[in-house]
$ cat query.txt   # compact mmCIF, C-alpha atoms (C1' of nucleotides)
# COMPACT_ATOMS: atom_id res chain seq x y z
CA MET A 1 54.82 1.44 -32.20
CA GLU A 2 57.14 0.04 -34.79
CA SER A 3 58.26 -2.43 -32.17
CA ARG A 4 54.79 -3.92 -32.09
CA ILE A 5 55.08 -4.71 -35.77
CA ASP A 6 58.55 -6.10 -35.32
CA LYS A 7 57.40 -8.32 -32.55
CA ILE A 8 54.60 -9.71 -34.66
CA LYS A 9 57.03 -10.15 -37.55
CA GLN A 10 59.30 -12.14 -35.30
CA GLN A 11 56.40 -14.19 -34.09
CA LEU A 12 55.47 -15.04 -37.64
CA GLN A 13 58.99 -15.88 -38.67
CA SER A 14 59.80 -17.86 -35.59
CA GLN A 15 56.92 -20.13 -36.49
CA GLY A 16 58.32 -20.56 -39.98
CA TYR A 17 55.83 -18.34 -41.76
CA LYS A 18 56.96 -16.09 -44.54
CA LEU A 19 56.74 -12.40 -44.17
CA THR A 20 54.91 -11.18 -47.23
CA PRO A 21 54.02 -7.58 -47.99
CA GLN A 22 50.36 -8.57 -47.77
CA ARG A 23 50.79 -9.89 -44.27
CA GLU A 24 52.71 -6.86 -43.21
CA ALA A 25 50.08 -4.56 -44.64
CA THR A 26 47.37 -6.48 -42.85
CA VAL A 27 49.17 -6.30 -39.54
CA ARG A 28 49.75 -2.61 -40.07
CA VAL A 29 46.06 -2.03 -40.64
CA LEU A 30 45.22 -3.95 -37.50
CA LEU A 31 47.68 -1.88 -35.51
CA GLU A 32 46.32 1.37 -36.90
CA ASN A 33 42.78 0.38 -36.02
CA GLU A 34 43.35 -1.26 -32.74
CA GLU A 35 40.35 0.43 -31.23
CA ASP A 36 37.94 -1.03 -33.70
CA HIS A 37 36.57 -4.47 -34.17
CA LEU A 38 37.12 -4.87 -37.86
CA SER A 39 35.46 -7.44 -40.03
CA ALA A 40 37.49 -9.20 -42.70
CA GLU A 41 35.82 -6.99 -45.26
CA ASP A 42 36.78 -3.89 -43.27
CA VAL A 43 40.37 -5.03 -43.09
CA PHE A 44 40.33 -5.84 -46.77
CA MET A 45 39.24 -2.36 -47.75
CA LEU A 46 41.78 -0.72 -45.49
CA VAL A 47 44.59 -2.96 -46.67
CA LYS A 48 43.76 -2.21 -50.28
CA ASP A 49 44.82 1.38 -49.68
CA ILE A 50 48.31 0.17 -48.82
CA ALA A 51 48.50 -2.90 -51.00
CA PRO A 52 45.88 -2.55 -53.72
CA GLU A 53 46.61 -5.88 -55.35
CA ILE A 54 45.66 -7.89 -52.29
CA GLY A 55 42.80 -10.36 -52.53
CA LEU A 56 40.05 -10.90 -50.01
CA ALA A 57 41.02 -14.53 -49.64
CA THR A 58 44.48 -13.52 -48.53
CA VAL A 59 43.03 -11.26 -45.90
CA TYR A 60 40.93 -14.13 -44.59
CA ARG A 61 43.93 -16.43 -44.63
CA THR A 62 46.11 -13.90 -42.87
CA LEU A 63 43.53 -13.20 -40.22
CA GLU A 64 43.09 -16.90 -39.66
CA LEU A 65 46.84 -17.30 -39.31
CA LEU A 66 47.17 -14.40 -36.92
CA SER A 67 44.32 -15.86 -34.98
CA GLU A 68 46.10 -19.18 -34.61
CA LEU A 69 49.19 -17.34 -33.44
CA HIS A 70 47.03 -15.50 -30.90
CA VAL A 71 48.06 -12.21 -32.39
CA VAL A 72 44.48 -11.34 -33.10
CA GLU A 73 41.32 -12.57 -31.54
CA LYS A 74 38.43 -13.68 -33.70
CA MET A 75 35.07 -12.77 -32.30
CA ASN A 76 31.48 -12.82 -33.29
CA PHE A 77 28.57 -10.86 -32.05
CA GLY A 78 25.41 -12.56 -33.16
CA ASP A 79 25.41 -11.04 -36.63
CA GLY A 80 27.05 -13.60 -38.85
CA VAL A 81 30.22 -11.57 -39.26
CA ALA A 82 33.55 -12.41 -37.69
CA ARG A 83 35.45 -9.49 -36.24
CA TYR A 84 39.10 -9.33 -35.44
CA ASP A 85 40.89 -7.64 -32.62
CA LEU A 86 44.58 -7.27 -32.04
CA ARG A 87 45.45 -8.79 -28.72
CA ALA A 88 47.32 -6.52 -26.32
CA ASP A 89 50.67 -8.27 -26.49
CA ASN A 90 50.02 -11.94 -26.04
CA ASN A 91 47.81 -11.70 -23.05
CA LYS A 92 44.50 -13.29 -22.80
CA HIS A 93 41.99 -10.77 -23.96
CA HIS A 94 39.83 -10.40 -20.96
CA HIS A 95 37.70 -7.51 -21.79
CA HIS A 96 33.98 -7.40 -21.99
CA HIS A 97 31.62 -5.78 -24.45
CA LEU A 98 28.62 -3.55 -24.07
CA ILE A 99 26.53 -3.75 -27.21
CA CYS A 100 23.74 -1.26 -27.61
CA LEU A 101 20.59 -2.79 -29.02
CA GLN A 102 19.42 0.56 -30.29
CA CYS A 103 22.39 2.10 -32.09
CA GLY A 104 24.64 -0.92 -32.40
CA THR A 105 27.60 0.81 -30.79
CA MET A 106 29.95 -1.46 -28.99
CA SER A 107 32.11 -0.27 -26.16
CA GLU A 108 34.43 -2.16 -23.93
CA ILE A 109 35.11 -2.81 -20.35
CA LEU A 110 38.83 -3.18 -20.25
CA GLU A 111 39.11 -4.79 -16.87
CA ASP A 112 38.55 -8.42 -16.35
CA TRP A 113 35.74 -8.97 -13.91
CA LEU A 114 35.61 -12.71 -14.15
CA GLY A 115 38.55 -13.90 -12.08
CA PRO A 116 36.46 -15.00 -9.11
CA LEU A 117 33.93 -16.70 -11.36
CA GLU A 118 36.62 -18.66 -13.12
CA GLU A 119 37.91 -19.95 -9.82
CA ARG A 120 34.45 -20.99 -8.92
CA ILE A 121 34.05 -22.84 -12.19
CA GLU A 122 37.28 -24.70 -11.63
CA GLN A 123 36.14 -25.77 -8.19
CA GLU A 124 32.49 -26.50 -8.80
CA TYR A 125 32.71 -27.94 -12.30
CA GLY A 126 36.29 -29.19 -12.60
CA PHE A 127 36.44 -27.10 -15.75
CA THR A 128 39.68 -25.25 -16.47
CA VAL A 129 38.93 -21.94 -18.11
CA LYS A 130 41.29 -20.97 -20.90
CA ASP A 131 39.31 -18.08 -22.23
CA HIS A 132 35.97 -16.48 -21.91
CA ARG A 133 33.65 -14.13 -23.54
CA LEU A 134 31.24 -11.79 -21.90
CA ASP A 135 28.91 -9.52 -23.82
CA PHE A 136 26.10 -7.43 -22.51
CA GLN A 137 23.24 -6.32 -24.68
CA GLY A 138 21.26 -3.31 -23.62
CA ILE A 139 20.76 0.42 -24.05
CA CYS A 140 23.76 2.71 -23.93
CA ALA A 141 23.87 6.02 -22.11
CA ASP A 142 23.70 8.04 -25.34
CA CYS A 143 20.58 6.30 -26.54
CA LYS A 144 18.92 6.68 -23.20
CA ALA A 145 19.61 10.42 -23.38
CA LYS A 146 18.17 10.56 -26.89
CA ASN A 147 15.14 8.58 -25.83
CA ASP A 148 14.33 11.17 -23.21
CA GLN A 149 14.09 13.90 -25.81
CA PRO A 150 10.87 14.30 -27.78
CA LYS A 151 10.82 11.96 -30.71
CA ILE A 152 10.75 13.28 -34.24
CA GLU A 153 10.34 10.14 -36.21
CA GLN A 154 8.77 6.76 -35.73
CA MET B 1 3.49 -29.85 -20.00
CA GLU B 2 0.59 -29.31 -22.33
CA SER B 3 0.08 -25.99 -20.64
CA ARG B 4 3.43 -24.83 -21.93
CA ILE B 5 2.23 -25.38 -25.45
CA ASP B 6 -1.07 -23.71 -24.74
CA LYS B 7 0.68 -20.72 -23.33
CA ILE B 8 2.83 -20.36 -26.41
CA LYS B 9 -0.25 -20.82 -28.58
CA GLN B 10 -1.93 -18.00 -26.77
CA GLN B 11 1.12 -15.87 -27.08
CA LEU B 12 1.17 -16.42 -30.82
CA GLN B 13 -2.51 -15.79 -31.25
CA SER B 14 -2.62 -12.77 -29.03
CA GLN B 15 -0.10 -11.16 -31.34
CA GLY B 16 -2.28 -11.96 -34.31
CA TYR B 17 -0.22 -14.85 -35.62
CA LYS B 18 -1.90 -17.93 -36.92
CA LEU B 19 -1.32 -21.23 -35.30
CA THR B 20 -0.46 -23.53 -38.13
CA PRO B 21 0.31 -27.22 -37.77
CA GLN B 22 3.88 -26.48 -38.78
CA ARG B 23 4.27 -23.93 -36.04
CA GLU B 24 2.73 -26.23 -33.50
CA ALA B 25 4.99 -29.07 -34.55
CA THR B 26 8.00 -26.81 -34.27
CA VAL B 27 7.05 -25.65 -30.80
CA ARG B 28 6.44 -29.25 -29.79
CA VAL B 29 9.91 -30.24 -30.94
CA LEU B 30 11.43 -27.38 -29.01
CA LEU B 31 9.56 -28.42 -25.90
CA GLU B 32 10.65 -32.02 -26.23
CA ASN B 33 14.27 -31.03 -26.62
CA GLU B 34 14.46 -28.27 -24.15
CA GLU B 35 17.80 -29.47 -22.86
CA ASP B 36 19.52 -29.16 -26.19
CA HIS B 37 20.66 -26.23 -28.22
CA LEU B 38 19.21 -27.15 -31.54
CA SER B 39 20.22 -25.66 -34.84
CA ALA B 40 17.55 -24.86 -37.39
CA GLU B 41 18.63 -27.95 -39.27
CA ASP B 42 18.24 -30.05 -36.12
CA VAL B 43 14.78 -28.68 -35.55
CA PHE B 44 13.93 -29.27 -39.17
CA MET B 45 14.84 -32.93 -39.02
CA LEU B 46 12.95 -33.48 -35.81
CA VAL B 47 9.89 -31.64 -37.05
CA LYS B 48 9.86 -33.71 -40.21
CA ASP B 49 9.06 -36.77 -38.09
CA ILE B 50 5.86 -35.11 -36.96
CA ALA B 51 5.07 -33.05 -40.02
CA PRO B 52 6.98 -34.52 -42.96
CA GLU B 53 5.79 -31.96 -45.46
CA ILE B 54 7.39 -29.03 -43.68
CA GLY B 55 10.05 -27.00 -45.45
CA LEU B 56 13.29 -25.76 -44.01
CA ALA B 57 12.36 -22.18 -44.78
CA THR B 58 9.28 -22.50 -42.64
CA VAL B 59 11.36 -23.73 -39.76
CA TYR B 60 13.63 -20.73 -40.11
CA ARG B 61 10.64 -18.42 -40.31
CA THR B 62 9.02 -19.99 -37.29
CA LEU B 63 12.19 -19.84 -35.23
CA GLU B 64 12.64 -16.24 -36.20
CA LEU B 65 9.07 -15.50 -35.19
CA LEU B 66 9.40 -17.30 -31.89
CA SER B 67 12.60 -15.43 -31.33
CA GLU B 68 10.86 -12.10 -31.80
CA LEU B 69 8.19 -13.18 -29.37
CA HIS B 70 10.93 -14.11 -26.91
CA VAL B 71 9.67 -17.66 -26.81
CA VAL B 72 13.02 -18.94 -27.94
CA GLU B 73 16.42 -17.45 -27.72
CA LYS B 74 18.69 -17.39 -30.72
CA MET B 75 22.32 -17.93 -29.92
CA ASN B 76 25.55 -18.47 -31.68
CA PHE B 77 28.72 -19.99 -30.53
CA GLY B 78 31.45 -19.01 -32.95
CA ASP B 79 30.66 -21.70 -35.50
CA GLY B 80 28.44 -20.05 -38.06
CA VAL B 81 25.33 -21.86 -36.90
CA ALA B 82 22.48 -20.30 -34.99
CA ARG B 83 21.09 -22.37 -32.17
CA TYR B 84 17.74 -22.01 -30.55
CA ASP B 85 16.70 -22.47 -26.97
CA LEU B 86 13.28 -22.37 -25.48
CA ARG B 87 13.16 -19.71 -22.83
CA ALA B 88 11.99 -20.84 -19.43
CA ASP B 89 8.70 -19.02 -19.41
CA ASN B 90 9.41 -15.49 -20.45
CA ASN B 91 12.32 -14.87 -18.20
CA LYS B 92 15.64 -13.64 -19.32
CA HIS B 93 17.80 -16.61 -20.01
CA HIS B 94 20.66 -16.05 -17.65
CA HIS B 95 22.66 -19.11 -17.89
CA HIS B 96 26.25 -19.45 -18.87
CA HIS B 97 28.07 -21.94 -21.03
CA LEU B 98 31.16 -24.01 -20.53
CA ILE B 99 32.51 -25.03 -23.91
CA CYS B 100 35.26 -27.61 -23.97
CA LEU B 101 37.98 -26.83 -26.48
CA GLN B 102 38.95 -30.47 -26.67
CA CYS B 103 35.74 -32.40 -27.11
CA GLY B 104 33.35 -29.60 -28.00
CA THR B 105 30.88 -30.50 -25.28
CA MET B 106 28.87 -27.65 -23.99
CA SER B 107 27.44 -27.66 -20.51
CA GLU B 108 25.59 -25.00 -18.66
CA ILE B 109 25.70 -23.11 -15.48
CA LEU B 110 22.08 -22.56 -14.72
CA GLU B 111 22.46 -19.84 -12.16
CA ASP B 112 22.99 -16.28 -13.09
CA TRP B 113 26.23 -15.02 -11.69
CA LEU B 114 26.17 -11.63 -13.28
CA GLY B 115 23.69 -9.66 -11.21
CA PRO B 116 26.31 -7.65 -9.36
CA LEU B 117 28.24 -6.98 -12.54
CA GLU B 118 25.15 -5.67 -14.26
CA GLU B 119 24.56 -3.23 -11.46
CA ARG B 120 28.09 -2.06 -11.74
CA ILE B 121 27.68 -1.54 -15.48
CA GLU B 122 24.57 0.53 -14.92
CA GLN B 123 26.39 2.71 -12.44
CA GLU B 124 29.79 3.04 -14.05
CA TYR B 125 28.76 3.13 -17.70
CA GLY B 126 25.15 4.32 -17.64
CA PHE B 127 24.37 1.24 -19.73
CA THR B 128 21.16 -0.61 -19.00
CA VAL B 129 21.68 -4.32 -19.45
CA LYS B 130 18.83 -6.13 -21.13
CA ASP B 131 20.58 -9.38 -21.74
CA HIS B 132 24.00 -10.89 -21.62
CA ARG B 133 26.02 -13.76 -22.77
CA LEU B 134 28.80 -15.44 -20.95
CA ASP B 135 30.73 -18.33 -22.39
CA PHE B 136 33.83 -19.93 -21.03
CA GLN B 137 36.20 -21.87 -23.22
CA GLY B 138 38.48 -24.39 -21.61
CA ILE B 139 39.00 -28.03 -20.79
CA CYS B 140 36.21 -30.00 -19.20
CA ALA B 141 36.63 -32.43 -16.32
CA ASP B 142 36.16 -35.47 -18.56
CA CYS B 143 38.87 -34.43 -20.95
CA LYS B 144 41.22 -33.64 -18.13
CA ALA B 145 40.67 -37.16 -16.79
CA LYS B 146 41.33 -38.61 -20.22
CA ASN B 147 44.45 -36.53 -20.62
CA ASP B 148 45.88 -38.02 -17.45
CA GLN B 149 45.64 -41.50 -18.86
CA PRO B 150 48.43 -42.74 -21.15
CA LYS B 151 47.80 -41.70 -24.71
CA ILE B 152 47.20 -44.33 -27.35
CA GLU B 153 47.07 -42.23 -30.45
CA GLN B 154 48.69 -39.10 -31.77
C1' DC C 1 65.48 -23.41 -56.24
C1' DT C 2 61.54 -24.98 -53.55
C1' DA C 3 57.93 -24.68 -50.74
C1' DA C 4 54.87 -21.41 -49.14
C1' DA C 5 51.79 -17.80 -50.26
C1' DT C 6 48.93 -15.31 -53.48
C1' DG C 7 44.85 -13.89 -56.51
C1' DC C 8 41.09 -15.24 -58.74
C1' DA C 9 36.92 -17.44 -59.21
C1' DA C 10 34.25 -21.08 -58.04
C1' DA C 11 32.29 -23.63 -54.25
C1' DC C 12 30.62 -23.64 -49.69
C1' DG C 13 27.11 -23.77 -45.75
C1' DC C 14 23.76 -21.37 -43.45
C1' DT C 15 20.10 -18.34 -43.96
C1' DT C 16 16.77 -15.40 -46.39
C1' DT C 17 13.58 -14.25 -50.00
C1' DG C 18 10.30 -14.22 -54.24
C1' DC C 19 6.51 -16.29 -55.70
C1' DA C 20 2.78 -19.12 -56.78
C1' DA C 21 -0.01 -22.42 -54.21
C1' DT C 22 -2.28 -23.42 -49.97
C1' DG C 23 -4.76 -23.10 -45.68
C1' DT C 24 -6.74 -20.49 -41.50
C1' DT C 25 -9.99 -17.73 -39.66
C1' DA D 1 -13.23 -14.51 -49.52
C1' DA D 2 -8.99 -12.31 -47.75
C1' DC D 3 -4.90 -12.61 -46.09
C1' DA D 4 -1.27 -14.91 -43.72
C1' DT D 5 1.49 -18.79 -44.31
C1' DT D 6 3.62 -22.33 -46.77
C1' DG D 7 6.98 -25.05 -49.85
C1' DC D 8 10.12 -24.81 -53.21
C1' DA D 9 13.93 -23.17 -55.48
C1' DA D 10 16.77 -19.48 -56.25
C1' DA D 11 19.46 -15.93 -54.37
C1' DG D 12 22.25 -13.94 -50.62
C1' DC D 13 25.84 -13.62 -47.53
C1' DG D 14 30.30 -14.24 -45.34
C1' DT D 15 33.77 -17.48 -45.70
C1' DT D 16 36.68 -21.24 -47.64
C1' DT D 17 39.01 -23.77 -51.20
C1' DG D 18 41.24 -25.41 -55.76
C1' DC D 19 44.50 -24.21 -58.73
C1' DA D 20 47.75 -22.05 -61.60
C1' DT D 21 51.05 -18.32 -60.76
C1' DT D 22 54.14 -15.66 -58.03
C1' DT D 23 57.43 -14.85 -54.42
C1' DA D 24 60.06 -15.14 -50.01
C1' DG D 25 63.76 -17.41 -47.89
$ encode --input "query.txt" --output "C-alpha cells"
Amino acid sequence: MESRIDKIKQQLQSQGYKLTPQREATVRVLLENEEDHLSAEDVFMLVKDIAPEIGLATVYRTLELLSELHVVEKMNFGDGVARYDLRADNNKHHHHHLICLQCGTMSEILEDWLGPLEERIEQEYGFTVKDHRLDFQGICADCKAKNDQPKIEQ
Amino acid sequence: MESRIDKIKQQLQSQGYKLTPQREATVRVLLENEEDHLSAEDVFMLVKDIAPEIGLATVYRTLELLSELHVVEKMNFGDGVARYDLRADNNKHHHHHLICLQCGTMSEILEDWLGPLEERIEQEYGFTVKDHRLDFQGICADCKAKNDQPKIEQ
DNA sequence: CTAAATGCAAACGCTTTGCAATGTT
DNA sequence: AACATTGCAAAGCGTTTGCATTTAG
C-alpha cells in the first residue's frame, strides 16, 4: 500500500516535480478512495481533513498534474463535473461504466471488452486507438427491484 | 425534408408546447446541420441568421426542451461544452466517435457495435441498457500520414 | 538561494434563472 | 384574455489564473 504512494512519489520526482505535503495528501486521499470517482470538490474536502490549509486551486492543479502523468484519469459523465480516478498502476484504464438513470449509481465493468472493436477500427478506419471510454446509461438491478414493489410516492 | 420539420412540430404540439418562430428556426438549423455536433453557441449563431432577435437563453431552453423530447441528443466530449445532435427519427443514437488527440477531428462510426455487449450486461449485471456512449481517443489516419512526413516545425 | 508551488480571490466560460415584456392559441 | 415563451441581464457553477508569499530541493 505504502509502495503505491512511493511509486507515485518517484514518478513525480523523476519528472522534476516537487513533492509537497499538499500533493502527498492529495495522492493519499486518492489511494484511500480508489473505489470512488471523486470530483475535485470531493477530493478537496477529504484532503482538508489531512491538510486543512490546502486551497481548492491546489487540488485542481494537483489533479491536473497527476492527470498529465497518467497517475489519475480525468473523466466526465454528462454532468458538468470532472471526476478523477487513480489508474491501476500505469495501465490504460479500460473499464466501462454502468450509470443508473434512476438512482445515479455508477458501477464498473472491470474487464475490457473492446479489444476486438479496436482492432476493427484500426483496420477499417486507419485510426489508432490510444484510449477509449464506454459508458452505459440505463436502469440498475436495484432500481428494477424497487420498481417492482408498490410505489409509495410519486 | 420538410416532413422532418413537420414531424417535430407535431411532436412539440402533441406535448402541449407552442411552436414559436424561435423554436422553428432552431429546429431548422439543426436539420440543416445534421452532420455536425453543434454547441449551443454554434446553434445560436446560425439561428441568428434566420431569426436575428433570438436570445442565447432561448436557444438553450429550446435545446433542453428538444432534448427532453428526444428530438436531439445532448452530448459532451470532455471539453466543458455540450453539443447537440438531431436524432435520426426517434431511434436510439447508437453511433460511436473517433476523436483524434492530435488534430481534434471527430468522426463517427455509424453502426452500432454494442448490441452483444448490451445483452451481456443485462445478463451478467441485471442492468438494462437504455443508451450508451462509446468514444475512442487516438490518432486518425490523416495525422498518421502527416507524422510520416518530415517535420517542418517543432 | 532559486525556481516551483501555494493560497487567495478574482476572472473565466458555459449554462441557468428571475423577471418584465411579448406573443400564441 | 391567459398563459407559455421570450429577451435581457444577472447569477450560478465548476474550473482556471494572476499574483504576492511560501517552501522544497
$ closest_residue --input "query.txt" --among "B:Pro21, B:Gly138, B:Gly126, B:Pro52" --to "DT24 (chain C)" --atoms "all atoms listed in the file"
B:Pro21
$ interface_residues --input "query.txt" --of "chain A" --to "chain C" --cutoff "8 Å" --atoms "all atoms listed in the file" --output "ChimeraX atom specification"
/A:18,20,54-55,57-58
$ write_last_selection --input "query.txt" --atoms "C-alpha atoms" --output "short mmCIF file (atom, residue, chain, number, x, y, z; two decimals), in the frame of the given file"
data_model
loop_
_atom_site.label_atom_id
_atom_site.label_comp_id
_atom_site.auth_asym_id
_atom_site.auth_seq_id
_atom_site.Cartn_x
_atom_site.Cartn_y
_atom_site.Cartn_z
CA LYS A 18 56.96 -16.09 -44.54
CA THR A 20 54.91 -11.18 -47.23
CA ILE A 54 45.66 -7.89 -52.29
CA GLY A 55 42.80 -10.36 -52.53
CA ALA A 57 41.02 -14.53 -49.64
CA THR A 58 44.48 -13.52 -48.53
#
$ closest_atom_pairs --input "query.txt" --of "chain D" --to "chain B" --cutoff "10 Å" --atoms "only C-alpha atoms (C1' of nucleotides)" --output "CSV"
residue,atom,partner,partner_atom,distance
D:DA4,C1',B:Lys18,CA,7.5
D:DT5,C1',B:Thr20,CA,8.0
D:DT6,C1',B:Thr58,CA,7.0
D:DG7,C1',B:Gly55,CA,5.7
D:DC8,C1',B:Gly55,CA,8.1
D:DG14,C1',B:Gly80,CA,9.5
D:DT15,C1',B:Gly80,CA,9.7
$ closest_residue --input "query.txt" --among "B:Ala82, B:Glu119, B:Arg87, B:Leu31" --to "chain A" --atoms "only C-alpha atoms"
B:Ala82
$ closest_residue --input "query.txt" --among "B:Leu38, B:Cys100, B:Leu110, B:Ile5" --to "chain A" --atoms "only C-alpha atoms"
B:Cys100
$ interface_residues --input "query.txt" --of "chain B" --to "chain A" --cutoff "6 Å" --atoms "only C-alpha atoms" --output "number ranges by chain"
B: 126-141
$ atom_distance --input "query.txt" --atom1 "CA of Thr62 (chain A)" --atom2 "CA of Arg28 (chain A)"
12.2 Å
$ atom_distance --input "query.txt" --atom1 "CA of Tyr84 (chain B)" --atom2 "CA of Val72 (chain B)"
6.2 Å
$ atom_distance --input "query.txt" --atom1 "CA of Asp36 (chain A)" --atom2 "C1' of DT16 (chain D)"
24.6 Å
$ axis_aligned_box --input "query.txt" --around "region 22-37 of chain A" --padding-each-side "5 Å" --output "JSON"
{"center_x": 44.6, "center_y": -4.3, "center_z": -39.5, "size_x": 26.1, "size_y": 21.3, "size_z": 26.5}
$ closest_residue --input "query.txt" --among "B:Thr26, B:Asn33, B:Gln149, B:Thr105" --to "Leu66 (chain B)" --atoms "all atoms listed in the file"
B:Thr26
